Amino acid sequence: MIEIRDAIRTRRLVLRPFEAADEDDMYAFESLPEVARYLYNGPRSRAENAAELARRQKLTVLRDEGDALVLAVEADGRVIGYVLLEWLSERHRQGEFGFVFHPGYHGQGYASEAAVEMLRIGFEELGLHRVIGRCDPRNEGSWRLMERLGMRREAYFVESEIFKGEWGSELHYALLATEWRASRWATAPEV
Ligand SMILES: CC(C)(COP(=O)(O)OP(=O)(O)OC[C@H]1O[C@@H](n2cnc3c(N)ncnc32)[C@H](O)[C@@H]1OP(=O)(O)O)[C@@H](O)C(=O)NCCC(=O)NCCS
């Protein structure tokens with residue numbers, strides 16, 4: 001079982017559970033159409049953002065498969081995005097990670113730095129064997145991040161679902177625990 005109570009510090013960031021006081025910072029990116037473009041949700045209203053914040057505040061524990069850990073990412077004293085790790089299967093030791101950041105903080109390696117921490121928790125604390133990431137093939141920022149972290153493009157599903165009213169395709173990336181241990185991220189997590 002993993003429970004995150006204390007803040008995790010990386011080189012430039014603080015990762016910690018969401019708090020009620022994060023509402024405005026979270027709304028600043030959750031409300032943007034460009035952030036929601038390739039997510040299953042749309043841009044969130046104030047009320048939707050508040051409801052989502054209340055949900056995320058509880059997602060601090062990985063106790064059983066199906067649980068998700070969501071951490072707010074802070075830089076310069078404000079929340080600039082979040083990362084998540086979902087425990088897909090206990091028997092098969094599989095997980096999935098994800099990342100969403102405010103566009104004002106893109107292009108500086110912040111998302112990669114926080115995502116590496118989720119891989120570390122998944123492999124080193126939860127003992128996962130394999131972590132995957134999924135994204136829309138048009139979401140270049142997302143797949144470039146996963147390639148930067150050394151993940152393998154394992155699948156390109158063509159028009160495999162209806163996404164926001166049109167046929168959507170999906171890329172699947174993965175990393176194994178052995179590959180994690182051999183990667184430079186495991187020993188020198190500076191992005
Ligand atoms: C996906 C997402 C988090 C990627 O953000 P990002 O800013 O491109 O990713 P990073 O923070 O890792 O930054 C990497 C970029 O910063 C650059 N960079 C600058 N300084 C850097 C540093 N010190 N370290 C690493 N990279 C640095 C890299 O070269 C890279 O730029 P490039 O893609 O032009 O080569 C972002 O596009 C996003 O939030 N999108 C909306 C939500 C979303 O779709 N999430 C994914 C759902 S599947």
# chains A, B, ... in the order shown; residues from 1 in each chain; ligands from 1
>>> closest_atom_pairs(of="chain A", to="ligand 1", cutoff="8 Å", atoms="only C-alpha atoms and all ligand atoms", output="Markdown table")
| residue | atom | partner | partner_atom_place_in_ligand_line | distance |
| --- | --- | --- | --- | --- |
| A:Glu34 | CA | ligand 1 | 41 (C) | 6.8 |
| A:Val35 | CA | ligand 1 | 41 (C) | 4.1 |
| A:Ala36 | CA | ligand 1 | 42 (C) | 6.2 |
| A:Arg37 | CA | ligand 1 | 44 (O) | 6.7 |
| A:Tyr38 | CA | ligand 1 | 44 (O) | 5.1 |
| A:Leu39 | CA | ligand 1 | 47 (C) | 5.8 |
| A:Gly81 | CA | ligand 1 | 39 (O) | 7.3 |
| A:Gly98 | CA | ligand 1 | 48 (S) | 6.2 |
| A:Phe99 | CA | ligand 1 | 45 (N) | 5.2 |
| A:Val100 | CA | ligand 1 | 39 (O) | 3.8 |
| A:Phe101 | CA | ligand 1 | 39 (O) | 3.6 |
| A:His102 | CA | ligand 1 | 39 (O) | 6.0 |
| A:Pro103 | CA | ligand 1 | 39 (O) | 6.5 |
| A:Tyr105 | CA | ligand 1 | 7 (O) | 6.4 |
| A:His106 | CA | ligand 1 | 7 (O) | 3.1 |
| A:Gly107 | CA | ligand 1 | 16 (O) | 3.2 |
| A:Gln108 | CA | ligand 1 | 19 (C) | 3.5 |
| A:Gly109 | CA | ligand 1 | 13 (O) | 3.3 |
| A:Tyr110 | CA | ligand 1 | 11 (O) | 3.9 |
| A:Ala111 | CA | ligand 1 | 11 (O) | 3.6 |
| A:Ser112 | CA | ligand 1 | 12 (O) | 3.7 |
| A:Glu113 | CA | ligand 1 | 12 (O) | 6.7 |
| A:Gly133 | CA | ligand 1 | 48 (S) | 7.3 |
| A:Arg134 | CA | ligand 1 | 48 (S) | 5.7 |
| A:Cys135 | CA | ligand 1 | 48 (S) | 4.1 |
| A:Asp136 | CA | ligand 1 | 48 (S) | 6.6 |
| A:Asn139 | CA | ligand 1 | 44 (O) | 6.2 |
| A:Glu140 | CA | ligand 1 | 37 (O) | 7.4 |
| A:Gly141 | CA | ligand 1 | 37 (O) | 4.3 |
| A:Ser142 | CA | ligand 1 | 1 (C) | 3.8 |
| A:Trp143 | CA | ligand 1 | 1 (C) | 7.5 |
| A:Arg144 | CA | ligand 1 | 33 (O) | 6.1 |
| A:Leu145 | CA | ligand 1 | 12 (O) | 5.4 |
| A:Arg148 | CA | ligand 1 | 12 (O) | 7.9 |
| A:Glu190 | CA | ligand 1 | 24 (N) | 7.7 |
| A:Val191 | CA | ligand 1 | 24 (N) | 4.6 |
>>> residues_around(residues="range 152-154 of chain A", least_positions_apart="3", cutoff="9 Å", atoms="only C-alpha atoms", output="MDAnalysis selection string")
chainID A and resid 143 146:147 171:175
>>> residues_around(residues="range 124-132 of chain A", least_positions_apart="2", cutoff="8 Å", atoms="only C-alpha atoms", output="PyMOL selection string")
chain A and resi 1-2+92-97+119-122+134+172-177
>>> write_last_selection(atoms="all heavy atoms", output="compact mmCIF listing (two decimals), in the first residue's frame")
# COMPACT_ATOMS: atom_id res chain seq x y z
N MET A 1 0.84 -1.20 0.00
CA MET A 1 0.00 0.00 0.00
C MET A 1 0.88 1.26 0.00
O MET A 1 1.89 1.29 0.68
CB MET A 1 -0.90 0.02 1.24
CG MET A 1 -1.86 1.19 1.22
SD MET A 1 -2.79 1.38 2.74
CE MET A 1 -1.91 2.70 3.53
N ILE A 2 0.46 2.24 -0.77
CA ILE A 2 1.19 3.51 -0.81
C ILE A 2 0.22 4.59 -0.34
O ILE A 2 -0.89 4.70 -0.86
CB ILE A 2 1.59 3.88 -2.26
CG1 ILE A 2 2.36 2.77 -2.94
CG2 ILE A 2 2.33 5.21 -2.29
CD1 ILE A 2 3.74 2.58 -2.46
N HIS A 92 -0.96 -8.77 -12.07
CA HIS A 92 -0.01 -8.60 -13.18
C HIS A 92 0.96 -7.45 -12.96
O HIS A 92 1.77 -7.14 -13.81
CB HIS A 92 -0.78 -8.43 -14.50
CG HIS A 92 -1.74 -9.56 -14.76
ND1 HIS A 92 -1.31 -10.83 -15.08
CD2 HIS A 92 -3.09 -9.63 -14.70
CE1 HIS A 92 -2.36 -11.63 -15.22
NE2 HIS A 92 -3.45 -10.93 -15.00
N ARG A 93 0.82 -6.77 -11.84
CA ARG A 93 1.70 -5.66 -11.44
C ARG A 93 1.82 -4.60 -12.55
O ARG A 93 2.89 -4.24 -12.99
CB ARG A 93 3.07 -6.18 -11.01
CG ARG A 93 2.99 -6.97 -9.72
CD ARG A 93 4.37 -7.16 -9.09
NE ARG A 93 5.10 -8.23 -9.72
CZ ARG A 93 6.39 -8.21 -10.00
NH1 ARG A 93 7.11 -7.16 -9.73
NH2 ARG A 93 6.98 -9.25 -10.56
N GLN A 94 0.64 -4.13 -12.99
CA GLN A 94 0.57 -3.14 -14.07
C GLN A 94 0.00 -1.83 -13.54
O GLN A 94 -0.88 -1.82 -12.67
CB GLN A 94 -0.36 -3.64 -15.19
CG GLN A 94 -0.04 -5.03 -15.72
CD GLN A 94 1.15 -5.06 -16.66
OE1 GLN A 94 1.22 -4.28 -17.61
NE2 GLN A 94 2.09 -5.97 -16.40
N GLY A 95 0.52 -0.72 -14.10
CA GLY A 95 0.01 0.59 -13.74
C GLY A 95 -0.03 1.50 -14.96
O GLY A 95 0.48 1.16 -16.03
N GLU A 96 -0.68 2.64 -14.77
CA GLU A 96 -0.76 3.64 -15.85
C GLU A 96 -0.52 5.01 -15.26
O GLU A 96 -1.02 5.33 -14.18
CB GLU A 96 -2.15 3.59 -16.50
CG GLU A 96 -2.32 4.69 -17.54
CD GLU A 96 -3.61 4.55 -18.36
OE1 GLU A 96 -4.35 3.57 -18.14
OE2 GLU A 96 -3.85 5.43 -19.20
N PHE A 97 0.28 5.84 -15.95
CA PHE A 97 0.49 7.19 -15.43
C PHE A 97 -0.08 8.23 -16.38
O PHE A 97 -0.45 7.94 -17.52
CB PHE A 97 1.96 7.44 -15.06
CG PHE A 97 2.91 7.70 -16.21
CD1 PHE A 97 4.13 8.33 -15.98
CD2 PHE A 97 2.61 7.34 -17.49
CE1 PHE A 97 5.02 8.59 -17.00
CE2 PHE A 97 3.49 7.59 -18.54
CZ PHE A 97 4.69 8.22 -18.28
N LEU A 119 6.73 7.39 -12.06
CA LEU A 119 7.34 6.10 -12.44
C LEU A 119 8.11 5.53 -11.25
O LEU A 119 8.04 4.34 -10.96
CB LEU A 119 8.28 6.29 -13.64
CG LEU A 119 7.64 6.64 -14.98
CD1 LEU A 119 8.73 6.85 -16.03
CD2 LEU A 119 6.68 5.55 -15.44
N ARG A 120 8.84 6.40 -10.55
CA ARG A 120 9.61 5.93 -9.40
C ARG A 120 8.69 5.32 -8.33
O ARG A 120 8.95 4.23 -7.82
CB ARG A 120 10.42 7.10 -8.78
CG ARG A 120 11.49 6.63 -7.80
CD ARG A 120 12.07 7.78 -7.01
NE ARG A 120 11.08 8.42 -6.15
CZ ARG A 120 10.58 7.89 -5.04
NH1 ARG A 120 10.98 6.69 -4.65
NH2 ARG A 120 9.67 8.52 -4.33
N ILE A 121 7.60 6.00 -8.03
CA ILE A 121 6.65 5.47 -7.03
C ILE A 121 6.09 4.13 -7.52
O ILE A 121 6.01 3.16 -6.77
CB ILE A 121 5.51 6.48 -6.77
CG1 ILE A 121 6.06 7.72 -6.05
CG2 ILE A 121 4.39 5.83 -5.96
CD1 ILE A 121 5.07 8.87 -5.93
N GLY A 122 5.72 4.09 -8.79
CA GLY A 122 5.13 2.86 -9.34
C GLY A 122 6.09 1.69 -9.29
O GLY A 122 5.72 0.60 -8.81
N ARG A 134 -1.10 6.34 -22.18
CA ARG A 134 -1.91 6.35 -23.41
C ARG A 134 -2.17 7.79 -23.82
O ARG A 134 -2.33 8.65 -22.95
CB ARG A 134 -3.26 5.66 -23.18
CG ARG A 134 -3.14 4.20 -22.82
CD ARG A 134 -4.51 3.59 -22.57
NE ARG A 134 -5.14 4.14 -21.39
CZ ARG A 134 -6.43 4.50 -21.33
NH1 ARG A 134 -7.21 4.37 -22.37
NH2 ARG A 134 -6.93 4.99 -20.21
N HIS A 172 -0.27 3.68 -27.39
CA HIS A 172 0.08 3.09 -26.10
C HIS A 172 1.59 3.02 -25.96
O HIS A 172 2.28 2.51 -26.85
CB HIS A 172 -0.48 1.66 -25.97
CG HIS A 172 -1.94 1.61 -25.69
ND1 HIS A 172 -2.53 0.62 -24.95
CD2 HIS A 172 -2.94 2.45 -26.04
CE1 HIS A 172 -3.84 0.84 -24.86
NE2 HIS A 172 -4.10 1.94 -25.53
N TYR A 173 2.08 3.55 -24.86
CA TYR A 173 3.51 3.47 -24.53
C TYR A 173 3.68 2.64 -23.27
O TYR A 173 2.77 2.59 -22.44
CB TYR A 173 4.08 4.88 -24.28
CG TYR A 173 4.39 5.62 -25.57
CD1 TYR A 173 3.39 6.30 -26.25
CD2 TYR A 173 5.67 5.63 -26.09
CE1 TYR A 173 3.67 6.97 -27.43
CE2 TYR A 173 5.96 6.30 -27.27
CZ TYR A 173 4.95 6.97 -27.94
OH TYR A 173 5.24 7.62 -29.10
N ALA A 174 4.86 2.03 -23.11
CA ALA A 174 5.10 1.24 -21.89
C ALA A 174 6.57 1.23 -21.51
O ALA A 174 7.45 1.44 -22.34
CB ALA A 174 4.60 -0.19 -22.10
N LEU A 175 6.79 0.99 -20.22
CA LEU A 175 8.13 0.83 -19.68
C LEU A 175 8.09 -0.33 -18.68
O LEU A 175 7.14 -0.41 -17.87
CB LEU A 175 8.57 2.12 -18.97
CG LEU A 175 10.05 2.24 -18.62
CD1 LEU A 175 10.91 2.43 -19.87
CD2 LEU A 175 10.29 3.42 -17.66
N LEU A 176 9.11 -1.19 -18.73
CA LEU A 176 9.20 -2.29 -17.77
C LEU A 176 10.10 -1.91 -16.59
O LEU A 176 10.95 -1.02 -16.72
CB LEU A 176 9.78 -3.54 -18.45
CG LEU A 176 8.99 -4.12 -19.62
CD1 LEU A 176 9.77 -5.28 -20.25
CD2 LEU A 176 7.61 -4.57 -19.17
N ALA A 177 9.94 -2.62 -15.49
CA ALA A 177 10.76 -2.34 -14.30
C ALA A 177 12.25 -2.49 -14.60
O ALA A 177 13.06 -1.68 -14.14
CB ALA A 177 10.34 -3.27 -13.15
>>> closest_residue(among="A:Ser45, A:Gln57, A:Ser89, A:Thr10", to="Met118 in chain A", atoms="only C-alpha atoms")
A:Thr10
>>> closest_residue(among="A:Glu74, A:Glu65, A:Glu23, A:Glu159", to="Leu53 in chain A", atoms="only C-alpha atoms")
A:Glu23
>>> residues_around(residues="Leu15 in chain A", least_positions_apart="5", cutoff="6 Å", atoms="only C-alpha atoms", output="list in words")
Ala7, Ile8, Leu71, Ala72 and Val73 of chain A
>>> write_last_selection(atoms="C-alpha atoms", output="compact mmCIF listing (two decimals), in the first residue's frame")
# COMPACT_ATOMS: atom_id res chain seq x y z
CA ALA A 7 5.22 16.58 0.05
CA ILE A 8 7.71 14.98 -2.35
CA LEU A 71 -0.73 14.64 -6.92
CA ALA A 72 -0.75 18.39 -7.41
CA VAL A 73 2.49 19.77 -8.81
>>> atom_distance(atom1="CA of Lys58 in chain A", atom2="CA of Tyr82 in chain A")
14.1 Å
>>> closest_residue(among="A:Ala51, A:Gly104, A:Tyr156, A:Val70", to="Leu32 in chain A", atoms="only C-alpha atoms")
A:Gly104
>>> atom_distance(atom1="CA of Asp6 in chain A", atom2="CA of Leu69 in chain A")
13.5 Å
>>> select_by_dssp(residues="chain A", states="helix (DSSP H, G or I)", output="ChimeraX atom specification")
/A:20-30,33-36,46-57,103-105,110-125,140-148,177-182,184-187
>>> write_last_selection(atoms="C-alpha atoms", output="tab-separated table (two decimals), in the first residue's frame")
chain	number	residue	atom	x	y	z
A	20	ALA	CA	-9.04	22.99	-0.87
A	21	ALA	CA	-6.91	26.13	-1.29
A	22	ASP	CA	-5.80	24.91	-4.76
A	23	GLU	CA	-9.14	25.73	-6.36
A	24	ASP	CA	-8.10	28.88	-8.23
A	25	ASP	CA	-4.75	27.51	-9.43
A	26	MET	CA	-6.48	24.35	-10.63
A	27	TYR	CA	-9.25	26.27	-12.39
A	28	ALA	CA	-6.60	28.33	-14.22
A	29	PHE	CA	-5.71	25.26	-16.31
A	30	GLU	CA	-8.76	23.00	-15.94
A	33	PRO	CA	-9.98	24.32	-24.01
A	34	GLU	CA	-6.40	23.63	-25.15
A	35	VAL	CA	-5.69	21.67	-21.96
A	36	ALA	CA	-8.86	19.58	-22.29
A	46	ARG	CA	-16.09	26.69	-11.73
A	47	ALA	CA	-18.56	24.20	-10.25
A	48	GLU	CA	-17.11	21.24	-12.17
A	49	ASN	CA	-13.62	22.26	-11.11
A	50	ALA	CA	-14.65	22.42	-7.44
A	51	ALA	CA	-16.27	18.98	-7.64
A	52	GLU	CA	-13.18	17.53	-9.33
A	53	LEU	CA	-10.92	19.10	-6.70
A	54	ALA	CA	-12.97	17.47	-3.92
A	55	ARG	CA	-12.61	14.11	-5.71
A	56	ARG	CA	-8.86	14.51	-6.21
A	57	GLN	CA	-8.26	15.43	-2.57
A	103	PRO	CA	0.29	25.85	-20.82
A	104	GLY	CA	2.17	28.72	-19.19
A	105	TYR	CA	4.50	26.08	-17.76
A	110	TYR	CA	8.33	20.28	-15.54
A	111	ALA	CA	5.89	17.61	-16.70
A	112	SER	CA	8.72	15.16	-17.40
A	113	GLU	CA	10.25	15.86	-13.99
A	114	ALA	CA	6.95	15.13	-12.22
A	115	ALA	CA	6.14	12.12	-14.43
A	116	VAL	CA	9.50	10.53	-13.56
A	117	GLU	CA	8.48	10.70	-9.90
A	118	MET	CA	5.30	8.78	-10.67
A	119	LEU	CA	7.34	6.10	-12.44
A	120	ARG	CA	9.61	5.93	-9.40
A	121	ILE	CA	6.65	5.47	-7.03
A	122	GLY	CA	5.13	2.86	-9.34
A	123	PHE	CA	8.24	0.78	-9.82
A	124	GLU	CA	10.14	1.30	-6.56
A	125	GLU	CA	7.39	1.68	-3.98
A	140	GLU	CA	2.42	15.50	-29.62
A	141	GLY	CA	3.37	16.98	-26.24
A	142	SER	CA	2.19	13.82	-24.54
A	143	TRP	CA	3.89	11.23	-26.74
A	144	ARG	CA	7.08	13.26	-26.98
A	145	LEU	CA	7.22	13.28	-23.18
A	146	MET	CA	6.83	9.50	-23.02
A	147	GLU	CA	9.53	9.02	-25.66
A	148	ARG	CA	11.81	11.40	-23.74
A	177	ALA	CA	10.76	-2.34	-14.30
A	178	THR	CA	14.03	-3.69	-15.72
A	179	GLU	CA	14.10	-0.82	-18.22
A	180	TRP	CA	13.35	1.67	-15.45
A	181	ARG	CA	16.24	0.37	-13.34
A	182	ALA	CA	18.59	0.65	-16.31
A	184	ARG	CA	19.19	7.31	-16.15
A	185	TRP	CA	15.95	8.51	-14.57
A	186	ALA	CA	16.16	5.86	-11.85
A	187	THR	CA	19.55	7.05	-10.65
>>> select_by_dssp(residues="range 47-85 of chain A", states="strand (DSSP E or B)", output="list in words")
Val61, Leu62, Ala68, Leu69, Val70, Leu71, Ala72, Val73, Glu74, Ala75, Arg78, Val79, Ile80, Gly81, Tyr82, Val83, Leu84 and Leu85 of chain A
>>> closest_residue(among="A:Arg44, A:Arg16, A:Arg11, A:Arg78", to="Leu59 in chain A", atoms="only C-alpha atoms")
A:Arg16
>>> decode(residues="range 120-186 of chain A", atoms="C-alpha atoms", output="short mmCIF file (atom, residue, chain, number, x, y, z; two decimals), in the first residue's frame")
data_model
loop_
_atom_site.label_atom_id
_atom_site.label_comp_id
_atom_site.auth_asym_id
_atom_site.auth_seq_id
_atom_site.Cartn_x
_atom_site.Cartn_y
_atom_site.Cartn_z
CA ARG A 120 9.61 5.93 -9.40
CA ILE A 121 6.65 5.47 -7.03
CA GLY A 122 5.13 2.86 -9.34
CA PHE A 123 8.24 0.78 -9.82
CA GLU A 124 10.14 1.30 -6.56
CA GLU A 125 7.39 1.68 -3.98
CA LEU A 126 4.44 -0.21 -5.45
CA GLY A 127 6.64 -2.84 -7.12
CA LEU A 128 5.01 -2.60 -10.53
CA HIS A 129 6.37 -4.67 -13.40
CA ARG A 130 5.11 -2.41 -16.21
CA VAL A 131 3.76 1.13 -16.46
CA ILE A 132 1.85 2.34 -19.49
CA GLY A 133 0.78 5.71 -20.82
CA ARG A 134 -1.91 6.35 -23.41
CA CYS A 135 -2.60 9.38 -25.58
CA ASP A 136 -4.22 10.67 -28.73
CA PRO A 137 -1.67 10.49 -31.58
CA ARG A 138 -2.33 14.19 -32.24
CA ASN A 139 -1.21 14.98 -28.70
CA GLU A 140 2.42 15.50 -29.62
CA GLY A 141 3.37 16.98 -26.24
CA SER A 142 2.19 13.82 -24.54
CA TRP A 143 3.89 11.23 -26.74
CA ARG A 144 7.08 13.26 -26.98
CA LEU A 145 7.22 13.28 -23.18
CA MET A 146 6.83 9.50 -23.02
CA GLU A 147 9.53 9.02 -25.66
CA ARG A 148 11.81 11.40 -23.74
CA LEU A 149 11.44 9.10 -20.74
CA GLY A 150 12.50 6.11 -22.81
CA MET A 151 9.10 4.48 -23.07
CA ARG A 152 8.35 2.15 -25.96
CA ARG A 153 5.58 2.83 -28.44
CA GLU A 154 3.77 -0.50 -28.28
CA ALA A 155 0.57 0.18 -30.14
CA TYR A 156 -1.23 2.63 -32.41
CA PHE A 157 -4.91 1.79 -32.35
CA VAL A 158 -6.62 3.40 -35.35
CA GLU A 159 -10.12 4.79 -34.78
CA SER A 160 -10.59 2.52 -31.78
CA GLU A 161 -13.11 4.72 -29.99
CA ILE A 162 -15.50 7.61 -30.44
CA PHE A 163 -13.75 10.58 -28.88
CA LYS A 164 -15.66 13.84 -28.46
CA GLY A 165 -18.05 12.97 -31.27
CA GLU A 166 -15.54 11.71 -33.84
CA TRP A 167 -13.42 8.62 -34.39
CA GLY A 168 -10.40 8.72 -32.13
CA SER A 169 -7.12 6.81 -32.30
CA GLU A 170 -4.83 5.94 -29.41
CA LEU A 171 -1.12 5.41 -28.84
CA HIS A 172 0.08 3.09 -26.10
CA TYR A 173 3.51 3.47 -24.53
CA ALA A 174 5.10 1.24 -21.89
CA LEU A 175 8.13 0.83 -19.68
CA LEU A 176 9.20 -2.29 -17.77
CA ALA A 177 10.76 -2.34 -14.30
CA THR A 178 14.03 -3.69 -15.72
CA GLU A 179 14.10 -0.82 -18.22
CA TRP A 180 13.35 1.67 -15.45
CA ARG A 181 16.24 0.37 -13.34
CA ALA A 182 18.59 0.65 -16.31
CA SER A 183 17.45 4.15 -17.23
CA ARG A 184 19.19 7.31 -16.15
CA TRP A 185 15.95 8.51 -14.57
CA ALA A 186 16.16 5.86 -11.85
#
